[in-house]
$ cat structure_10.cif   # mmCIF, C-alpha atoms
data_coords
loop_
_atom_site.group_PDB
_atom_site.id
_atom_site.type_symbol
_atom_site.label_atom_id
_atom_site.label_comp_id
_atom_site.auth_asym_id
_atom_site.auth_seq_id
_atom_site.Cartn_x
_atom_site.Cartn_y
_atom_site.Cartn_z
ATOM 1 C CA MET V 1 -1.552 -39.371 -15.350
ATOM 2 C CA ALA V 2 -2.544 -36.591 -12.987
ATOM 3 C CA LEU V 3 -2.668 -34.183 -15.872
ATOM 4 C CA VAL V 4 -4.978 -36.448 -17.820
ATOM 5 C CA THR V 5 -7.240 -36.869 -14.782
ATOM 6 C CA LEU V 6 -7.355 -33.123 -14.284
ATOM 7 C CA LEU V 7 -8.150 -32.610 -17.927
ATOM 8 C CA VAL V 8 -10.993 -35.129 -17.761
ATOM 9 C CA VAL V 9 -12.417 -33.496 -14.651
ATOM 10 C CA VAL V 10 -12.276 -30.026 -16.172
ATOM 11 C CA LEU V 11 -13.828 -31.109 -19.440
ATOM 12 C CA GLY V 12 -16.537 -33.031 -17.609
ATOM 13 C CA ALA V 13 -17.319 -30.017 -15.471
ATOM 14 C CA VAL V 14 -17.525 -27.804 -18.535
ATOM 15 C CA TYR V 15 -19.864 -30.284 -20.220
ATOM 16 C CA LEU V 16 -22.148 -30.467 -17.183
ATOM 17 C CA LEU V 17 -22.088 -26.710 -16.808
ATOM 18 C CA ARG V 18 -22.971 -26.324 -20.452
ATOM 19 C CA GLY V 19 -25.936 -28.658 -19.988
ATOM 20 C CA ALA V 20 -27.042 -26.813 -16.881
ATOM 21 C CA THR V 21 -26.853 -23.370 -18.390
ATOM 22 C CA MET V 22 -27.878 -23.960 -21.960
ATOM 23 C CA SER V 23 -31.321 -22.653 -22.776
ATOM 24 C CA THR V 24 -33.865 -25.109 -24.171
ATOM 25 C CA HIS V 25 -37.231 -23.436 -24.512
ATOM 26 C CA TYR V 26 -40.643 -24.833 -25.339
ATOM 27 C CA GLU V 27 -44.236 -23.652 -25.366
ATOM 28 C CA THR V 28 -46.110 -23.796 -22.079
ATOM 29 C CA GLY V 29 -49.466 -22.468 -23.269
ATOM 30 C CA ALA V 30 -50.696 -18.893 -23.370
ATOM 31 C CA ASP V 31 -53.115 -19.350 -20.506
ATOM 32 C CA SER V 32 -50.781 -21.253 -18.248
ATOM 33 C CA ARG V 33 -49.708 -19.539 -15.084
ATOM 34 C CA LEU V 34 -46.954 -20.005 -12.551
ATOM 35 C CA VAL V 35 -47.300 -18.940 -8.937
ATOM 36 C CA VAL V 36 -43.978 -18.157 -7.332
ATOM 37 C CA VAL V 37 -43.633 -17.815 -3.582
ATOM 38 C CA VAL V 38 -40.492 -16.141 -2.343
ATOM 39 C CA GLN V 39 -39.028 -15.475 1.055
ATOM 40 C CA ALA V 40 -37.232 -12.147 1.454
ATOM 41 C CA SER V 41 -35.012 -10.587 4.074
ATOM 42 C CA SER V 42 -33.287 -7.250 4.096
ATOM 43 C CA ASN V 43 -30.264 -5.939 5.906
ATOM 44 C CA ARG V 44 -29.569 -2.246 6.466
ATOM 45 C CA ALA V 45 -32.137 -1.209 3.874
ATOM 46 C CA GLU V 46 -33.281 2.385 3.567
ATOM 47 C CA PRO V 47 -35.710 3.235 6.387
ATOM 48 C CA ARG V 48 -38.520 4.270 4.069
ATOM 49 C CA THR V 49 -38.163 1.239 1.846
ATOM 50 C CA THR V 50 -40.331 -1.682 2.794
ATOM 51 C CA LEU V 51 -39.522 -5.313 2.302
ATOM 52 C CA LEU V 52 -42.466 -5.596 -0.102
ATOM 53 C CA GLU V 53 -41.052 -2.846 -2.312
ATOM 54 C CA LEU V 54 -37.678 -4.530 -2.425
ATOM 55 C CA ALA V 55 -39.204 -7.890 -3.249
ATOM 56 C CA GLU V 56 -41.420 -6.354 -5.905
ATOM 57 C CA ALA V 57 -38.419 -4.681 -7.530
ATOM 58 C CA GLN V 58 -36.489 -7.921 -7.618
ATOM 59 C CA VAL V 59 -39.199 -10.182 -8.973
ATOM 60 C CA SER V 60 -40.270 -7.547 -11.500
ATOM 61 C CA THR V 61 -36.722 -7.140 -12.750
ATOM 62 C CA CYS V 62 -36.299 -10.856 -13.133
ATOM 63 C CA VAL V 63 -39.490 -11.156 -15.130
ATOM 64 C CA LEU V 64 -37.771 -9.132 -17.841
ATOM 65 C CA GLN V 65 -35.255 -11.949 -18.329
ATOM 66 C CA VAL V 66 -37.770 -14.656 -19.101
ATOM 67 C CA ALA V 67 -40.506 -15.114 -21.679
ATOM 68 C CA SER V 68 -43.371 -14.247 -19.385
ATOM 69 C CA GLU V 69 -45.132 -11.340 -17.719
ATOM 70 C CA ARG V 70 -46.292 -10.586 -14.257
ATOM 71 C CA ASP V 71 -49.961 -11.287 -13.748
ATOM 72 C CA GLY V 72 -51.174 -9.042 -10.988
ATOM 73 C CA GLU V 73 -49.375 -7.443 -8.083
ATOM 74 C CA VAL V 74 -46.785 -8.840 -5.780
ATOM 75 C CA GLU V 75 -48.742 -9.711 -2.665
ATOM 76 C CA PRO V 76 -47.680 -10.765 0.765
ATOM 77 C CA VAL V 77 -48.547 -14.285 1.784
ATOM 78 C CA PRO V 78 -51.199 -14.154 4.500
ATOM 79 C CA ASP V 79 -49.979 -14.670 8.073
ATOM 80 C CA THR V 80 -46.336 -14.085 7.094
ATOM 81 C CA ASP V 81 -44.083 -11.060 7.197
ATOM 82 C CA ASP V 82 -41.369 -12.104 4.791
ATOM 83 C CA ARG V 83 -43.096 -14.185 2.164
ATOM 84 C CA PHE V 84 -44.523 -12.840 -1.038
ATOM 85 C CA THR V 85 -46.252 -14.318 -4.033
ATOM 86 C CA VAL V 86 -46.200 -13.325 -7.666
ATOM 87 C CA THR V 87 -48.004 -14.898 -10.590
ATOM 88 C CA LEU V 88 -46.424 -15.161 -14.025
ATOM 89 C CA ARG V 89 -48.266 -15.753 -17.277
ATOM 90 C CA PRO V 90 -47.603 -17.800 -19.292
ATOM 91 C CA ALA V 91 -45.866 -20.367 -17.149
ATOM 92 C CA LEU V 92 -42.149 -20.758 -17.494
ATOM 93 C CA ASP V 93 -40.457 -23.646 -19.196
ATOM 94 C CA SER V 94 -37.764 -25.570 -17.355
ATOM 95 C CA THR V 95 -34.934 -23.321 -18.500
ATOM 96 C CA ASP V 96 -36.792 -20.151 -17.679
ATOM 97 C CA ARG V 97 -37.679 -21.525 -14.274
ATOM 98 C CA LYS V 98 -34.011 -22.085 -13.483
ATOM 99 C CA GLN V 99 -33.146 -18.689 -14.869
ATOM 100 C CA TYR V 100 -35.912 -16.938 -12.966
ATOM 101 C CA GLU V 101 -35.086 -18.726 -9.735
ATOM 102 C CA GLY V 102 -31.416 -17.882 -10.157
ATOM 103 C CA CYS V 103 -32.250 -14.254 -10.849
ATOM 104 C CA VAL V 104 -34.555 -13.995 -7.837
ATOM 105 C CA GLU V 105 -31.933 -15.527 -5.547
ATOM 106 C CA ASP V 106 -29.115 -13.495 -7.059
ATOM 107 C CA TRP V 107 -27.653 -10.273 -5.676
ATOM 108 C CA ALA V 108 -29.623 -7.932 -7.902
ATOM 109 C CA VAL V 109 -31.129 -5.435 -5.487
ATOM 110 C CA ALA V 110 -28.915 -4.085 -2.723
ATOM 111 C CA HIS V 111 -29.695 -4.983 0.890
ATOM 112 C CA LEU V 112 -32.038 -7.763 -0.212
ATOM 113 C CA ARG V 113 -31.755 -11.527 -0.177
ATOM 114 C CA MET V 114 -34.489 -13.687 -1.577
ATOM 115 C CA HIS V 115 -35.168 -17.352 -1.697
ATOM 116 C CA VAL V 116 -37.679 -19.103 -3.908
ATOM 117 C CA VAL V 117 -39.901 -21.190 -1.696
ATOM 118 C CA SER V 118 -42.052 -22.741 -4.354
ATOM 119 C CA MET V 119 -43.042 -22.582 -8.003
ATOM 120 C CA THR V 120 -46.489 -23.977 -8.627
ATOM 121 C CA ASP V 121 -48.231 -24.355 -11.946
ATOM 122 C CA GLU V 122 -51.751 -23.028 -11.723
ATOM 123 C CA VAL V 123 -54.580 -24.264 -13.773
ATOM 124 C CA ALA V 124 -56.035 -21.641 -16.075
ATOM 125 C CA ARG V 125 -59.222 -19.994 -14.823
ATOM 126 C CA MET T 1 2.742 -18.462 9.460
ATOM 127 C CA LYS T 2 3.702 -18.752 5.806
ATOM 128 C CA ALA T 3 2.102 -22.162 5.621
ATOM 129 C CA VAL T 4 -1.113 -20.732 7.050
ATOM 130 C CA ALA T 5 -1.076 -17.928 4.471
ATOM 131 C CA TRP T 6 -0.520 -20.409 1.646
ATOM 132 C CA LEU T 7 -3.311 -22.586 3.006
ATOM 133 C CA VAL T 8 -5.752 -19.695 3.307
ATOM 134 C CA ALA T 9 -4.960 -18.503 -0.208
ATOM 135 C CA ALA T 10 -5.378 -21.985 -1.659
ATOM 136 C CA ALA T 11 -8.626 -22.513 0.254
ATOM 137 C CA THR T 12 -9.915 -19.152 -0.979
ATOM 138 C CA LEU T 13 -9.006 -20.087 -4.531
ATOM 139 C CA VAL T 14 -10.737 -23.463 -4.397
ATOM 140 C CA THR T 15 -13.823 -22.150 -2.576
ATOM 141 C CA ALA T 16 -14.207 -19.236 -4.969
ATOM 142 C CA ALA T 17 -13.879 -21.559 -7.933
ATOM 143 C CA ILE T 18 -16.526 -23.915 -6.545
ATOM 144 C CA TYR T 19 -18.924 -21.096 -5.746
ATOM 145 C CA THR T 20 -18.382 -19.598 -9.187
ATOM 146 C CA VAL T 21 -19.330 -22.835 -10.889
ATOM 147 C CA VAL T 22 -22.293 -23.389 -8.554
ATOM 148 C CA SER T 23 -23.530 -19.836 -9.117
ATOM 149 C CA LEU T 24 -23.234 -20.244 -12.864
ATOM 150 C CA ALA T 25 -25.173 -23.493 -12.691
ATOM 151 C CA ARG T 26 -27.889 -21.717 -10.692
ATOM 152 C CA TRP T 27 -28.067 -18.819 -13.143
ATOM 153 C CA GLU T 28 -26.931 -16.394 -10.483
ATOM 154 C CA TRP T 29 -24.812 -14.146 -12.622
ATOM 155 C CA ASN T 30 -23.982 -11.463 -10.080
ATOM 156 C CA ARG T 31 -22.866 -14.030 -7.542
ATOM 157 C CA ALA T 32 -20.857 -15.796 -10.215
ATOM 158 C CA LEU T 33 -19.145 -12.542 -11.146
ATOM 159 C CA PHE T 34 -18.337 -11.792 -7.521
ATOM 160 C CA PHE T 35 -16.888 -15.241 -6.819
ATOM 161 C CA ALA T 36 -15.000 -15.177 -10.108
ATOM 162 C CA LEU T 37 -13.482 -11.880 -9.051
ATOM 163 C CA VAL T 38 -12.440 -13.409 -5.736
ATOM 164 C CA PHE T 39 -11.040 -16.393 -7.630
ATOM 165 C CA VAL T 40 -8.971 -14.184 -9.920
ATOM 166 C CA ALA T 41 -7.714 -12.122 -6.984
ATOM 167 C CA ALA T 42 -6.671 -15.253 -5.106
ATOM 168 C CA GLU T 43 -5.098 -16.659 -8.242
ATOM 169 C CA VAL T 44 -3.087 -13.513 -8.884
ATOM 170 C CA GLY T 45 -2.027 -13.370 -5.245
ATOM 171 C CA LEU T 46 -0.924 -16.985 -5.266
ATOM 172 C CA ALA T 47 0.901 -16.571 -8.560
ATOM 173 C CA VAL T 48 2.759 -13.506 -7.321
ATOM 174 C CA ALA T 49 3.616 -15.226 -4.056
ATOM 175 C CA LEU T 50 4.845 -18.282 -5.973
ATOM 176 C CA VAL T 51 6.998 -16.189 -8.292
ATOM 177 C CA LEU T 52 8.436 -14.245 -5.359
ATOM 178 C CA HIS T 53 9.134 -17.496 -3.554
ATOM 179 C CA ARG T 54 10.985 -18.870 -6.565
ATOM 180 C CA LEU T 55 12.898 -15.614 -6.955
ATOM 181 C CA ALA T 56 13.954 -15.754 -3.317
ATOM 182 C CA ARG T 57 15.241 -19.277 -3.841
ATOM 183 C CA VAL T 58 17.154 -18.261 -6.958
ATOM 184 C CA GLU T 59 18.550 -15.231 -5.160
ATOM 185 C CA ALA T 60 19.728 -17.416 -2.304
ATOM 186 C CA LEU T 61 21.407 -19.783 -4.758
ATOM 187 C CA VAL T 62 23.101 -16.944 -6.619
ATOM 188 C CA THR T 63 24.312 -15.420 -3.376
ATOM 189 C CA ASP T 64 25.946 -18.675 -2.362
ATOM 190 C CA ILE T 65 27.831 -19.053 -5.643
ATOM 191 C CA PRO T 66 31.297 -17.429 -5.519
ATOM 192 C CA PRO T 67 31.994 -14.885 -8.243
ATOM 193 C CA PRO T 68 33.766 -16.296 -11.316
ATOM 194 C CA ASP T 69 37.523 -15.813 -11.405
ATOM 195 C CA SER T 70 38.401 -14.439 -14.810
ATOM 196 C CA GLY T 71 41.606 -15.445 -16.540
ATOM 197 C CA ALA T 72 42.921 -11.916 -16.761
ATOM 198 C CA ARG T 73 42.358 -11.302 -13.096
ATOM 199 C CA ARG T 74 44.046 -14.571 -12.197
ATOM 200 C CA ALA T 75 47.029 -13.733 -14.404
ATOM 201 C CA LEU T 76 47.372 -10.330 -12.774
ATOM 202 C CA ARG T 77 47.295 -11.870 -9.343
ATOM 203 C CA ASP T 78 49.820 -14.523 -10.274
ATOM 204 C CA THR T 79 52.274 -12.097 -11.832
ATOM 205 C CA ARG T 80 51.986 -9.489 -9.141
ATOM 206 C CA ALA T 81 55.339 -8.592 -7.545
ATOM 207 C CA GLU T 82 55.695 -9.538 -3.952
ATOM 208 C CA GLN T 83 55.528 -6.471 -1.828
ATOM 209 C CA GLU T 84 56.788 -7.016 1.635
ATOM 210 C CA ARG T 85 55.351 -4.380 3.883
ATOM 211 C CA PHE T 86 57.117 -3.304 7.104
ATOM 212 C CA ALA T 87 60.083 -5.452 6.260
ATOM 213 C CA TRP T 88 62.286 -3.319 8.466
ATOM 214 C CA LEU T 89 60.323 -4.503 11.448
ATOM 215 C CA ARG T 90 61.286 -8.068 10.822
ATOM 216 C CA VAL T 91 64.105 -9.059 13.167
ATOM 217 C CA ASP T 92 66.463 -11.871 12.484
ATOM 218 C CA PRO T 93 67.265 -13.461 15.825
ATOM 219 C CA THR T 94 70.663 -14.575 14.562
ATOM 220 C CA ASP T 95 71.654 -11.173 13.211
ATOM 221 C CA VAL T 96 72.960 -9.266 16.154
ATOM 222 C CA VAL T 97 74.197 -6.284 14.149
ATOM 223 C CA GLY T 98 70.963 -5.727 12.335
ATOM 224 C CA ARG T 99 68.805 -5.662 15.426
ATOM 225 C CA THR T 100 68.980 -1.915 15.651
ATOM 226 C CA SER T 101 66.036 -1.427 13.299
ATOM 227 C CA VAL T 102 63.397 -1.283 15.922
ATOM 228 C CA PHE T 103 65.723 0.391 18.375
ATOM 229 C CA ILE T 104 66.339 3.246 15.981
ATOM 230 C CA THR T 105 62.667 3.643 15.423
ATOM 231 C CA LEU T 106 62.021 3.750 19.119
ATOM 232 C CA LEU T 107 64.945 6.119 19.581
ATOM 233 C CA VAL T 108 63.685 8.540 16.993
ATOM 234 C CA GLY T 109 60.172 8.275 18.257
ATOM 235 C CA GLY T 110 61.331 8.742 21.813
ATOM 236 C CA GLY T 111 63.349 11.778 20.746
ATOM 237 C CA VAL T 112 60.301 13.307 19.182
ATOM 238 C CA LEU T 113 58.295 12.653 22.308
ATOM 239 C CA LEU T 114 61.021 14.044 24.542
ATOM 240 C CA SER T 115 61.365 17.144 22.381
ATOM 241 C CA GLY T 116 57.682 17.720 22.545
ATOM 242 C CA GLY T 117 57.699 17.326 26.303
ATOM 243 C CA ALA T 118 60.627 19.686 26.662
ATOM 244 C CA TRP T 119 58.956 22.287 24.479
ATOM 245 C CA LEU T 120 55.855 22.030 26.588
ATOM 246 C CA ILE T 121 57.770 22.378 29.849
ATOM 247 C CA ASP T 122 59.676 25.374 28.488
ATOM 248 C CA LYS T 123 56.440 27.050 27.512
ATOM 249 C CA LEU T 124 54.961 26.446 30.920
ATOM 250 C CA ALA T 125 58.053 27.665 32.723
ATOM 251 C CA SER T 126 58.368 30.811 30.632
ATOM 252 C CA SER T 127 54.817 31.726 31.356
ATOM 253 C CA THR T 128 55.088 31.160 35.100
ATOM 254 C CA VAL T 129 58.682 31.774 36.235
ATOM 255 C CA ASP T 130 59.764 34.883 34.268
ATOM 256 C CA PRO T 131 57.083 37.273 35.544
ATOM 257 C CA ARG T 132 57.883 36.414 39.165
ATOM 258 C CA ARG T 133 61.601 36.730 38.589
ATOM 259 C CA GLU T 134 61.199 40.073 36.857
ATOM 260 C CA GLN T 135 59.037 41.308 39.680
ATOM 261 C CA ARG T 136 61.627 40.298 42.276
ATOM 262 C CA LEU T 137 64.494 41.850 40.281
ATOM 263 C CA GLY T 138 62.509 45.049 39.930
ATOM 264 C CA ARG T 139 62.051 45.237 43.679
ATOM 265 C CA GLU T 140 65.819 44.734 44.247
ATOM 266 C CA LEU T 141 66.749 47.396 41.700
ATOM 267 C CA ASP T 142 64.283 49.821 43.161
ATOM 268 C CA ALA T 143 65.956 49.354 46.544
ATOM 269 C CA ILE T 144 69.386 50.459 45.252
ATOM 270 C CA ALA T 145 68.243 53.069 42.779
ATOM 271 C CA TYR T 146 69.466 56.746 43.137
ATOM 272 C CA ARG T 147 66.990 59.280 44.161
ATOM 273 C CA PRO T 148 65.706 61.478 41.323
ATOM 274 C CA GLY T 149 67.846 64.644 40.682
ATOM 275 C CA LEU T 150 70.807 63.467 42.691
ATOM 276 C CA LEU T 151 73.094 62.740 39.797
ATOM 277 C CA VAL T 152 73.850 64.505 36.527
ATOM 278 C CA ASP T 153 73.434 62.364 33.651
ATOM 279 C CA GLU T 154 76.928 61.557 32.381
ATOM 280 C CA VAL T 155 75.756 61.711 28.848
ATOM 281 C CA ASP T 156 74.694 65.303 29.311
ATOM 282 C CA VAL T 157 77.921 66.264 31.029
ATOM 283 C CA LEU T 158 80.204 64.765 28.446
ATOM 284 C CA ALA T 159 78.131 66.161 25.596
ATOM 285 C CA ARG T 160 78.676 69.750 26.761
ATOM 286 C CA PRO T 161 81.862 71.653 25.772
ATOM 287 C CA SER T 162 82.327 73.151 29.194
ATOM 288 C CA LEU T 163 80.782 72.767 32.504
ATOM 289 C CA ASP T 164 77.623 74.778 32.672
ATOM 290 C CA ARG T 165 77.624 76.366 36.086
ATOM 291 C CA ASP T 166 74.227 77.813 35.487
ATOM 292 C CA ASP T 167 72.750 74.381 35.523
ATOM 293 C CA PRO T 168 71.043 74.174 38.923
ATOM 294 C CA ARG T 169 71.870 70.576 39.163
ATOM 295 C CA VAL T 170 75.581 71.315 38.579
ATOM 296 C CA ARG T 171 75.479 74.156 41.051
ATOM 297 C CA SER T 172 73.822 71.986 43.508
ATOM 298 C CA PHE T 173 76.371 69.285 42.959
ATOM 299 C CA LEU T 174 79.303 71.671 43.257
ATOM 300 C CA GLY T 175 77.824 73.383 46.216
ATOM 301 C CA SER T 176 77.165 70.213 48.051
ATOM 302 C CA SER T 177 80.629 68.887 47.237
ATOM 303 C CA ARG T 178 82.482 71.952 48.588
#

$ encode --input "structure_10.cif" --output "structure tokens"
Amino acid sequence: MALVTLLVVVLGAVYLLRGATMSTHYETGADSRLVVVVQASSNRAEPRTTLLELAEAQVSTCVLQVASERDGEVEPVPDTDDRFTVTLRPALDSTDRKQYEGCVEDWAVAHLRMHVVSMTDEVAR
Amino acid sequence: MKAVAWLVAAATLVTAAIYTVVSLARWEWNRALFFALVFVAAEVGLAVALVLHRLARVEALVTDIPPPDSGARRALRDTRAEQERFAWLRVDPTDVVGRTSVFITLLVGGGVLLSGGAWLIDKLASSTVDPRREQRLGRELDAIAYRPGLLVDEVDVLARPSLDRDDPRVRSFLGSSR
């Protein structure tokens, strides 16, 4: 009985994990844009390396994993020291959003931890 | 202490597994790899500890089991001739004549010990008494010894065919005896 329960739990977990990680892409429109605000913090980073440079490296690397491009520079959010914003065009579909958020919050660049604060769809200009 | 180690290892295993799944679900591949590595390390550690634990139990069981008694060995033991050691020391309380076994042994042993003691005493005495006795005898003989030149050696006198009057010692003897 316990073995059957364990088997059911494992198979259920695999099914849910498959659904959570499986890519399902769709068109979001060529002119659509996504504004991503991230919060960054560094620990024991190189003295000459700024937090902006680290954040820029991370978000730029993660852009390569999704079907989008960076639109403009990575800019600090006014009145904050650790928040930065980056605009992606076209906007990301739901799978790419999860993938991009996971990449940004992953341990990709040493001495840097990032957290996605918000992802906002922006109306085309 | 062992229970704490087991608990920590199991907790590490479960936590690493949960974080691996959560990281995979969040598309955080590097984190997932790291937690998977921790999971595998904890799993290997637990497996090794479990195997060692089982081996220790089996070893304890094997140690407690007496060695098998083979048929050949049992037959050899059963057909082995009785060998009574130190039988001569056994004394029959009813046998008065045969009671001399131990006495003879003690007698011989005592004789050896006495001989050794006597030899030792003789050695000590010879090295201490004889020199003093010889010294005393020498002093006594010196006291009664003739003066040098007073007597003719009898060997010389008898060895000569006739009395040699030219011998100053003979002349001295004859002259002093006249």

$ closest_residue --input "structure_10.cif" --among "V:Arg18, V:His25, V:Arg48, V:His115" --to "chain T" --atoms "all atoms listed in the file"
V:Arg18

$ closest_atom_pairs --input "structure_10.cif" --of "chain T" --to "chain V" --cutoff "10 Å" --atoms "all atoms listed in the file" --output "tab-separated table"
residue	atom	partner	partner_atom	distance
T:Val21	CA	V:Leu17	CA	7.6
T:Val22	CA	V:Leu17	CA	8.9
T:Ser23	CA	V:Gly102	CA	8.2
T:Leu24	CA	V:Thr21	CA	7.3
T:Ala25	CA	V:Ala20	CA	5.7
T:Arg26	CA	V:Gly102	CA	5.2
T:Trp27	CA	V:Gly102	CA	4.6
T:Glu28	CA	V:Gly102	CA	4.7
T:Trp29	CA	V:Asp106	CA	7.1
T:Asn30	CA	V:Trp107	CA	5.9
T:Arg31	CA	V:Asp106	CA	6.3
T:Ala32	CA	V:Asp106	CA	9.1
T:Phe34	CA	V:Trp107	CA	9.6

$ write_last_selection --input "structure_10.cif" --atoms "C-alpha atoms" --output "compact mmCIF listing (two decimals), keeping the file's coordinate frame"
# COMPACT_ATOMS: atom_id res chain seq x y z
CA VAL T 21 -19.33 -22.84 -10.89
CA VAL T 22 -22.29 -23.39 -8.55
CA SER T 23 -23.53 -19.84 -9.12
CA LEU T 24 -23.23 -20.24 -12.86
CA ALA T 25 -25.17 -23.49 -12.69
CA ARG T 26 -27.89 -21.72 -10.69
CA TRP T 27 -28.07 -18.82 -13.14
CA GLU T 28 -26.93 -16.39 -10.48
CA TRP T 29 -24.81 -14.15 -12.62
CA ASN T 30 -23.98 -11.46 -10.08
CA ARG T 31 -22.87 -14.03 -7.54
CA ALA T 32 -20.86 -15.80 -10.22
CA PHE T 34 -18.34 -11.79 -7.52

$ resolve_selection --input "structure_10.cif" --expression "the PyMOL selection byres ((chain V and resi 58) around 9)" --output "ChimeraX atom specification"
/V:53-57,59-63,103-104,108-109,112,114

$ residues_near_point --input "structure_10.cif" --point "(-42.6, -15.2, 6.2)" --cutoff "12 Å" --atoms "only C-alpha atoms" --output "mmCIF file with C-alpha atoms, in the coordinates of the input"
data_model
loop_
_atom_site.group_PDB
_atom_site.id
_atom_site.type_symbol
_atom_site.label_atom_id
_atom_site.label_comp_id
_atom_site.auth_asym_id
_atom_site.auth_seq_id
_atom_site.Cartn_x
_atom_site.Cartn_y
_atom_site.Cartn_z
ATOM 1 C CA VAL V 37 -43.633 -17.815 -3.582
ATOM 2 C CA VAL V 38 -40.492 -16.141 -2.343
ATOM 3 C CA GLN V 39 -39.028 -15.475 1.055
ATOM 4 C CA ALA V 40 -37.232 -12.147 1.454
ATOM 5 C CA SER V 41 -35.012 -10.587 4.074
ATOM 6 C CA LEU V 51 -39.522 -5.313 2.302
ATOM 7 C CA LEU V 52 -42.466 -5.596 -0.102
ATOM 8 C CA PRO V 76 -47.680 -10.765 0.765
ATOM 9 C CA VAL V 77 -48.547 -14.285 1.784
ATOM 10 C CA PRO V 78 -51.199 -14.154 4.500
ATOM 11 C CA ASP V 79 -49.979 -14.670 8.073
ATOM 12 C CA THR V 80 -46.336 -14.085 7.094
ATOM 13 C CA ASP V 81 -44.083 -11.060 7.197
ATOM 14 C CA ASP V 82 -41.369 -12.104 4.791
ATOM 15 C CA ARG V 83 -43.096 -14.185 2.164
ATOM 16 C CA PHE V 84 -44.523 -12.840 -1.038
ATOM 17 C CA THR V 85 -46.252 -14.318 -4.033
ATOM 18 C CA MET V 114 -34.489 -13.687 -1.577
ATOM 19 C CA HIS V 115 -35.168 -17.352 -1.697
ATOM 20 C CA VAL V 116 -37.679 -19.103 -3.908
ATOM 21 C CA VAL V 117 -39.901 -21.190 -1.696
#

$ atom_distance --input "structure_10.cif" --atom1 "atom CA of V:Glu46" --atom2 "atom CA of V:Ala110"
10.0 Å

$ atom_distance --input "structure_10.cif" --atom1 "atom CA of V:Ala67" --atom2 "atom CA of V:Arg113"
23.5 Å

$ atom_distance --input "structure_10.cif" --atom1 "atom CA of T:Thr20" --atom2 "atom CA of T:Phe35"
5.2 Å

$ resolve_selection --input "structure_10.cif" --expression "the PyMOL selection byres ((chain T and resi 46) around 12)" --output "list in words"
Ala5, Trp6, Leu7, Val8, Ala9, Ala10, Ala11, Thr12, Leu13, Val14, Phe39, Val40, Ala41, Ala42, Glu43, Val44, Gly45, Ala47, Val48, Ala49, Leu50, Val51, Leu52 and His53 of chain T

$ closest_residue --input "structure_10.cif" --among "V:Thr50, V:Ser94, V:Ser23, V:Leu88" --to "V:Leu64" --atoms "all atoms listed in the file"
V:Leu88

$ resolve_selection --input "structure_10.cif" --expression "the PyMOL selection byres ((chain V and resi 71) around 12)" --output "list in words"
Asp31, Ser32, Arg33, Leu34, Val35, Val36, Val59, Ser60, Val63, Ser68, Glu69, Arg70, Gly72, Glu73, Val74, Glu75, Thr85, Val86, Thr87, Leu88, Arg89, Pro90 and Ala91 of chain V

$ axis_aligned_box --input "structure_10.cif" --around "stretch 13-30 of chain V" --padding-each-side "4 Å" --output "lines of an AutoDock Vina configuration file"
center_x = -34.0
center_y = -24.7
center_z = -20.4
size_x = 41.4
size_y = 19.6
size_z = 17.9
